[in-house]
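Source file start18.json; content: JSON, C-alpha atoms and all ligand atoms.
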```
[["chain", "number", "residue", "atom", "x", "y", "z"],
["H", 399, "MET", "CA", -50.25, 105.40, -38.48],
["H", 400, "ASP", "CA", -46.84, 107.00, -38.66],
["H", 401, "ARG", "CA", -44.28, 105.57, -41.06],
["H", 402, "ILE", "CA", -41.80, 104.90, -38.23],
["H", 403, "GLU", "CA", -44.45, 102.96, -36.31],
["H", 404, "LYS", "CA", -45.02, 100.77, -39.36],
["H", 405, "VAL", "CA", -41.27, 100.11, -39.68],
["H", 406, "VAL", "CA", -40.97, 99.22, -35.96],
["H", 407, "MET", "CA", -43.97, 96.87, -36.15],
["H", 408, "ALA", "CA", -42.68, 95.19, -39.30],
["H", 409, "THR", "CA", -39.26, 94.76, -37.69],
["H", 410, "ALA", "CA", -40.88, 93.22, -34.58],
["H", 411, "VAL", "CA", -42.85, 90.75, -36.72],
["H", 412, "VAL", "CA", -39.71, 89.79, -38.68],
["H", 413, "LEU", "CA", -37.74, 89.28, -35.44],
["H", 414, "LEU", "CA", -40.56, 87.15, -33.96],
["H", 415, "LEU", "CA", -40.55, 84.95, -37.07],
["H", 416, "ILE", "CA", -36.75, 84.60, -36.91],
["H", 417, "PHE", "CA", -36.83, 83.65, -33.20],
["H", 418, "PHE", "CA", -39.71, 81.22, -33.69],
["H", 419, "GLY", "CA", -37.88, 79.68, -36.65],
["H", 420, "ALA", "CA", -34.73, 79.33, -34.52],
["H", 421, "ILE", "CA", -36.73, 77.45, -31.85],
["H", 422, "VAL", "CA", -38.26, 75.12, -34.46],
["H", 423, "VAL", "CA", -34.84, 74.44, -36.05],
["H", 424, "ALA", "CA", -33.24, 73.80, -32.62],
["H", 425, "ALA", "CA", -36.03, 71.40, -31.61],
["H", 426, "THR", "CA", -36.18, 69.47, -34.87],
["H", 427, "ASN", "CA", -32.55, 69.44, -36.06],
["H", 428, "TYR", "CA", -30.52, 69.59, -32.85],
["H", 429, "GLY", "CA", -32.76, 67.79, -30.35],
["H", 430, "VAL", "CA", -32.96, 70.79, -28.02],
["H", 431, "ASP", "CA", -35.75, 70.17, -25.53],
["H", 432, "LEU", "CA", -37.04, 71.49, -22.25],
["H", 433, "PRO", "CA", -35.07, 70.10, -19.28],
["H", 434, "THR", "CA", -36.93, 67.38, -17.43],
["H", 435, "CYS", "CA", -36.27, 64.96, -14.61],
["H", 436, "VAL", "CA", -38.88, 62.49, -15.90],
["H", 437, "THR", "CA", -37.32, 59.47, -17.59],
["H", 438, "ASP", "CA", -38.75, 56.98, -20.06],
["H", 439, "ARG", "CA", -37.89, 54.08, -17.74],
["H", 440, "LYS", "CA", -40.57, 51.56, -16.85],
["H", 441, "PRO", "CA", -42.07, 52.29, -13.41],
["H", 442, "PHE", "CA", -41.06, 49.86, -10.66],
["H", 443, "THR", "CA", -42.68, 48.94, -7.36],
["H", 444, "GLU", "CA", -39.69, 47.39, -5.56],
["H", 445, "GLY", "CA", -36.81, 49.50, -4.35],
["H", 446, "SER", "CA", -33.20, 48.39, -4.50],
["H", 447, "ALA", "CA", -30.14, 49.29, -2.48],
["H", 448, "PRO", "CA", -27.54, 51.25, -4.41],
["H", 449, "PHE", "CA", -25.39, 49.07, -6.62],
["H", 450, "LYS", "CA", -22.09, 49.96, -8.19],
["H", 451, "LEU", "CA", -22.00, 50.41, -11.93],
["H", 452, "SER", "CA", -19.23, 48.04, -12.90],
["H", 453, "ASP", "CA", -17.76, 50.05, -15.75],
["H", 454, "GLN", "CA", -17.13, 53.23, -13.75],
["H", 455, "PRO", "CA", -15.49, 53.83, -10.36],
["H", 456, "LEU", "CA", -17.61, 55.53, -7.71],
["H", 457, "ARG", "CA", -20.77, 55.45, -9.82],
["H", 458, "TYR", "CA", -23.83, 53.97, -8.18],
["H", 459, "GLU", "CA", -27.45, 53.52, -9.15],
["H", 460, "ALA", "CA", -30.38, 53.19, -6.76],
["H", 461, "HIS", "CA", -34.08, 52.60, -7.30],
["H", 462, "THR", "CA", -36.29, 54.07, -4.61],
["H", 463, "VAL", "CA", -40.02, 53.58, -4.28],
["H", 464, "ALA", "CA", -42.13, 55.97, -2.25],
["H", 465, "ARG", "CA", -45.31, 54.53, -0.76],
["H", 466, "MET", "CA", -47.61, 55.39, 2.12],
["H", 467, "TRP", "CA", -45.68, 56.14, 4.35],
["H", 468, "MET", "CA", -42.14, 55.03, 3.74],
["H", 469, "PHE", "CA", -39.30, 55.02, 1.29],
["H", 470, "ASP", "CA", -38.10, 51.65, -0.01],
["H", 471, "PRO", "CA", -35.22, 51.19, 0.75],
["H", 472, "PRO", "CA", -35.40, 53.34, 3.90],
["H", 473, "GLU", "CA", -31.63, 53.84, 3.91],
["H", 474, "ILE", "CA", -29.26, 54.48, 1.02],
["H", 475, "THR", "CA", -25.56, 54.12, 1.82],
["H", 476, "ILE", "CA", -22.89, 55.46, -0.52],
["H", 477, "PRO", "CA", -19.23, 56.41, -0.11],
["H", 478, "PRO", "CA", -18.27, 60.10, -0.04],
["H", 479, "GLY", "CA", -17.69, 61.63, -3.46],
["H", 480, "ALA", "CA", -19.63, 58.92, -5.27],
["H", 481, "GLU", "CA", -22.05, 59.80, -8.02],
["H", 482, "LEU", "CA", -25.45, 58.26, -7.41],
["H", 483, "ASP", "CA", -28.03, 57.97, -10.16],
["H", 484, "LEU", "CA", -31.23, 58.08, -8.17],
["H", 485, "TYR", "CA", -34.36, 56.73, -9.82],
["H", 486, "LEU", "CA", -37.61, 57.35, -7.99],
["H", 487, "SER", "CA", -41.12, 56.04, -8.47],
["H", 488, "SER", "CA", -44.30, 55.82, -6.42],
["H", 489, "ALA", "CA", -46.41, 52.78, -5.62],
["H", 490, "ASP", "CA", -49.57, 54.70, -4.75],
["H", 491, "VAL", "CA", -49.96, 58.49, -4.68],
["H", 492, "VAL", "CA", -47.74, 61.48, -5.38],
["H", 493, "HIS", "CA", -44.95, 61.87, -2.82],
["H", 494, "GLY", "CA", -42.03, 64.22, -2.46],
["H", 495, "PHE", "CA", -38.37, 63.35, -2.02],
["H", 496, "TYR", "CA", -36.33, 66.09, -0.42],
["H", 497, "VAL", "CA", -32.92, 65.57, 1.19],
["H", 498, "GLU", "CA", -32.20, 68.06, 3.95],
["H", 499, "GLY", "CA", -29.19, 70.29, 3.45],
["H", 500, "THR", "CA", -28.79, 69.42, -0.25],
["H", 501, "ASN", "CA", -30.34, 70.40, -3.57],
["H", 502, "ILE", "CA", -31.86, 66.94, -4.00],
["H", 503, "ASN", "CA", -35.57, 67.43, -4.62],
["H", 504, "LEU", "CA", -37.74, 65.12, -6.66],
["H", 505, "MET", "CA", -41.39, 64.19, -7.04],
["H", 506, "ALA", "CA", -42.43, 60.54, -6.83],
["H", 507, "VAL", "CA", -45.21, 60.14, -9.36],
["H", 508, "PRO", "CA", -47.20, 56.91, -9.82],
["H", 509, "GLY", "CA", -46.65, 55.47, -13.30],
["H", 510, "ALA", "CA", -43.50, 57.53, -13.92],
["H", 511, "VAL", "CA", -39.84, 57.43, -12.95],
["H", 512, "THR", "CA", -38.05, 60.61, -11.99],
["H", 513, "TYR", "CA", -34.28, 60.94, -11.86],
["H", 514, "GLN", "CA", -31.52, 63.02, -10.35],
["H", 515, "ARG", "CA", -27.76, 62.51, -10.31],
["H", 516, "VAL", "CA", -26.55, 63.07, -6.78],
["H", 517, "LYS", "CA", -23.06, 63.68, -5.42],
["H", 518, "LEU", "CA", -22.44, 64.08, -1.71],
["H", 519, "ASP", "CA", -18.84, 64.73, -0.67],
["H", 520, "ARG", "CA", -19.32, 65.26, 3.07],
["H", 521, "GLU", "CA", -19.70, 62.20, 5.30],
["H", 522, "GLY", "CA", -22.81, 62.09, 7.43],
["H", 523, "THR", "CA", -26.43, 61.12, 7.62],
["H", 524, "TYR", "CA", -28.86, 63.09, 5.46],
["H", 525, "ARG", "CA", -32.57, 62.91, 6.17],
["H", 526, "ILE", "CA", -34.97, 62.22, 3.30],
["H", 527, "LEU", "CA", -38.36, 63.85, 3.78],
["H", 528, "CYS", "CA", -41.62, 63.64, 1.89],
["H", 529, "HIS", "CA", -42.63, 67.19, 1.01],
["H", 530, "GLU", "CA", -45.95, 66.42, -0.66],
["H", 531, "TYR", "CA", -48.92, 65.79, 1.59],
["H", 532, "CYS", "CA", -49.82, 62.13, 1.03],
["H", 533, "GLY", "CA", -52.14, 61.15, 3.85],
["H", 534, "THR", "CA", -52.52, 60.88, 7.59],
["H", 535, "ALA", "CA", -48.99, 59.64, 8.34],
["H", 536, "HIS", "CA", -47.25, 61.94, 5.86],
["H", 537, "HIS", "CA", -45.30, 63.61, 8.68],
["H", 538, "LEU", "CA", -43.71, 60.23, 9.57],
["H", 539, "MET", "CA", -42.51, 59.52, 6.04],
["H", 540, "ALA", "CA", -38.72, 59.75, 6.12],
["H", 541, "GLY", "CA", -35.57, 57.91, 5.14],
["H", 542, "THR", "CA", -31.85, 58.50, 5.22],
["H", 543, "ILE", "CA", -28.90, 58.75, 2.90],
["H", 544, "VAL", "CA", -25.76, 57.68, 4.74],
["H", 545, "VAL", "CA", -22.50, 58.92, 3.26],
["H", 546, "SER", "CA", -19.75, 56.82, 4.78],
["H", 547, "SER", "CA", -16.28, 55.77, 3.70],
["H", 548, "GLN", "CA", -17.09, 52.33, 5.12],
["H", 549, "ALA", "CA", -19.63, 51.89, 2.32],
["H", 550, "VAL", "CA", -16.77, 51.08, -0.08],
["H", 551, "GLU", "CA", -15.79, 47.95, 1.87],
["H", 552, "GLU", "CA", -19.41, 46.80, 2.20],
["H", 553, "GLN", "CA", -20.00, 46.68, -1.56],
["D", 1, "CU", "CU", -45.98, 62.69, 2.14]]
```

Using C-alpha cells, write down the structure that the file contains.
Amino acid sequence: MDRIEKVVMATAVVLLLIFFGAIVVAATNYGVDLPTCVTDRKPFTEGSAPFKLSDQPLRYEAHTVARMWMFDPPEITIPPGAELDLYLSSADVVHGFYVEGTNINLMAVPGAVTYQRVKLDREGTYRILCHEYCGTAHHLMAGTIVVSSQAVEEQ
C-alpha cells in the first residue's frame, strides 16, 4: 500500500471518530435528538373540540381521535391566524390525517399520540382525509377544519 493511501485512510478514520464523537456529545450533553411528531402523552379515545389556551391569545388545542371510519370530532373550527396544537390518536387501527391544500399530515397510531402545530390564515373549509387504508369504508373517512372569523365569538 502506498504511503499516501495510508495517510488518507488514517485521516478518514480520525474524521469518522471525530464526527461520531460529536454526535454522541450532542445527544448526551445537549439533548439533540431526531425530530419526531410522536408525543409522550397518554393515548385518548374521546375527541374534543378545540379549546382556547387561556394564557395565550389565539392558541388552541384540539384532541382528535380517528376510528373506523370517522374523525372525532368531525369538524374543528378555529379563527383565522390561530395556532392550533393538534393531538391525534386512534381508537382501533392505523389511520392517516391529511388536510387538503396544507402541509398538515399525520398518522393516527393506536396506543400513541401524534402532534402537529397548525396555523391556517385563510378563511375557508379544509377537508380532512384519511390517507392510510383502514378498511372497507376508508374512502368515506373524512372531516373538516373550518377557519372562520366567527369562531372567535363562539368560544
Ligand atoms: Cu382510512

Requested in this report: Tell me which protein, DNA and RNA residues are within 10 Å of H:His537, counting all atoms listed in the file, leaving out same-chain ones fewer than 5 positions away, and put them as an MDAnalysis selection string.
Outcome: chainID H and resid 467 527:532

Go ahead and save the residues from that selection, with C-alpha atoms, as a compact mmCIF listing (two decimals), keeping the file's coordinate frame.
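Saved as part_34.txt:
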```txt
# COMPACT_ATOMS: atom_id res chain seq x y z
CA TRP H 467 -45.68 56.14 4.35
CA LEU H 527 -38.36 63.85 3.78
CA CYS H 528 -41.62 63.64 1.89
CA HIS H 529 -42.63 67.19 1.01
CA GLU H 530 -45.95 66.42 -0.66
CA TYR H 531 -48.92 65.79 1.59
CA CYS H 532 -49.82 62.13 1.03
```

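Residues in contact range of stretch 507-515 of chain H, defined as at most 9 Å between all atoms listed in the file, with sequence neighbours fewer than 3 positions away removed, read Thr434, Cys435, Val436, Thr437, Asp438, Arg439, Lys440, Pro441, Phe442, Ala464, Glu481, Leu482, Asp483, Leu484, Tyr485, Leu486, Ser487, Ser488, Ala489, Asp490, Val491, Val492, His493, Gly494, Ile502, Asn503 and Leu504 of chain H.
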
Query raised in the report: Distance atom CA of H:Ser446-atom CA of H:Asn501, one decimal place?
Result: 22.2 Å

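Computed from the coordinates, the atom CA of H:Glu473 to atom CA of H:Gly522 distance equals 12.6 Å.
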
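Counting all atoms listed in the file, the residue from H:Gly499, H:Gly541, H:Pro448, H:Gly533 that sits nearest to ligand CU 1 (chain D) is H:Gly533.
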
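The space separating atom CA of H:Gln454 from atom CA of H:Ser547 comes to 17.7 Å.
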
Query raised in the report: Leaving out H:Ala549 and any residue of its chain fewer than 4 positions from it, which residues lie within 10 Å of it when counting all atoms listed in the file, given as a ChimeraX atom specification?
Result: /H:475-478,544-545,553

H:Leu432: which residues within 12 Å, counting all atoms listed in the file, same-chain residues fewer than 5 positions away excluded, as a PDB file with C-alpha atoms, keeping the file's coordinate frame?
```pdb
ATOM      1  CA  ILE H 421     -36.730  77.450 -31.850  1.00  0.00           C
ATOM      2  CA  ALA H 424     -33.240  73.800 -32.620  1.00  0.00           C
ATOM      3  CA  ALA H 425     -36.030  71.400 -31.610  1.00  0.00           C
TER       4      ALA H 425
END
```

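Closest approach to ligand CU 1 (chain D) from the set H:Ser452, H:Gln548, H:Thr409, H:Thr534 is made by H:Thr534, with distances taken over all atoms listed in the file.
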
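Shortest separation to ligand CU 1 (chain D) among H:Met468, H:Val405, H:Ile543, H:Val422 occurs at residue H:Met468, atoms counted being all atoms listed in the file.
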
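The residue that comes closest to ligand CU 1 (chain D), out of H:Phe417, H:Phe495, H:Tyr524, H:Tyr428 and on the basis of only C-alpha atoms and all ligand atoms, is H:Phe495.
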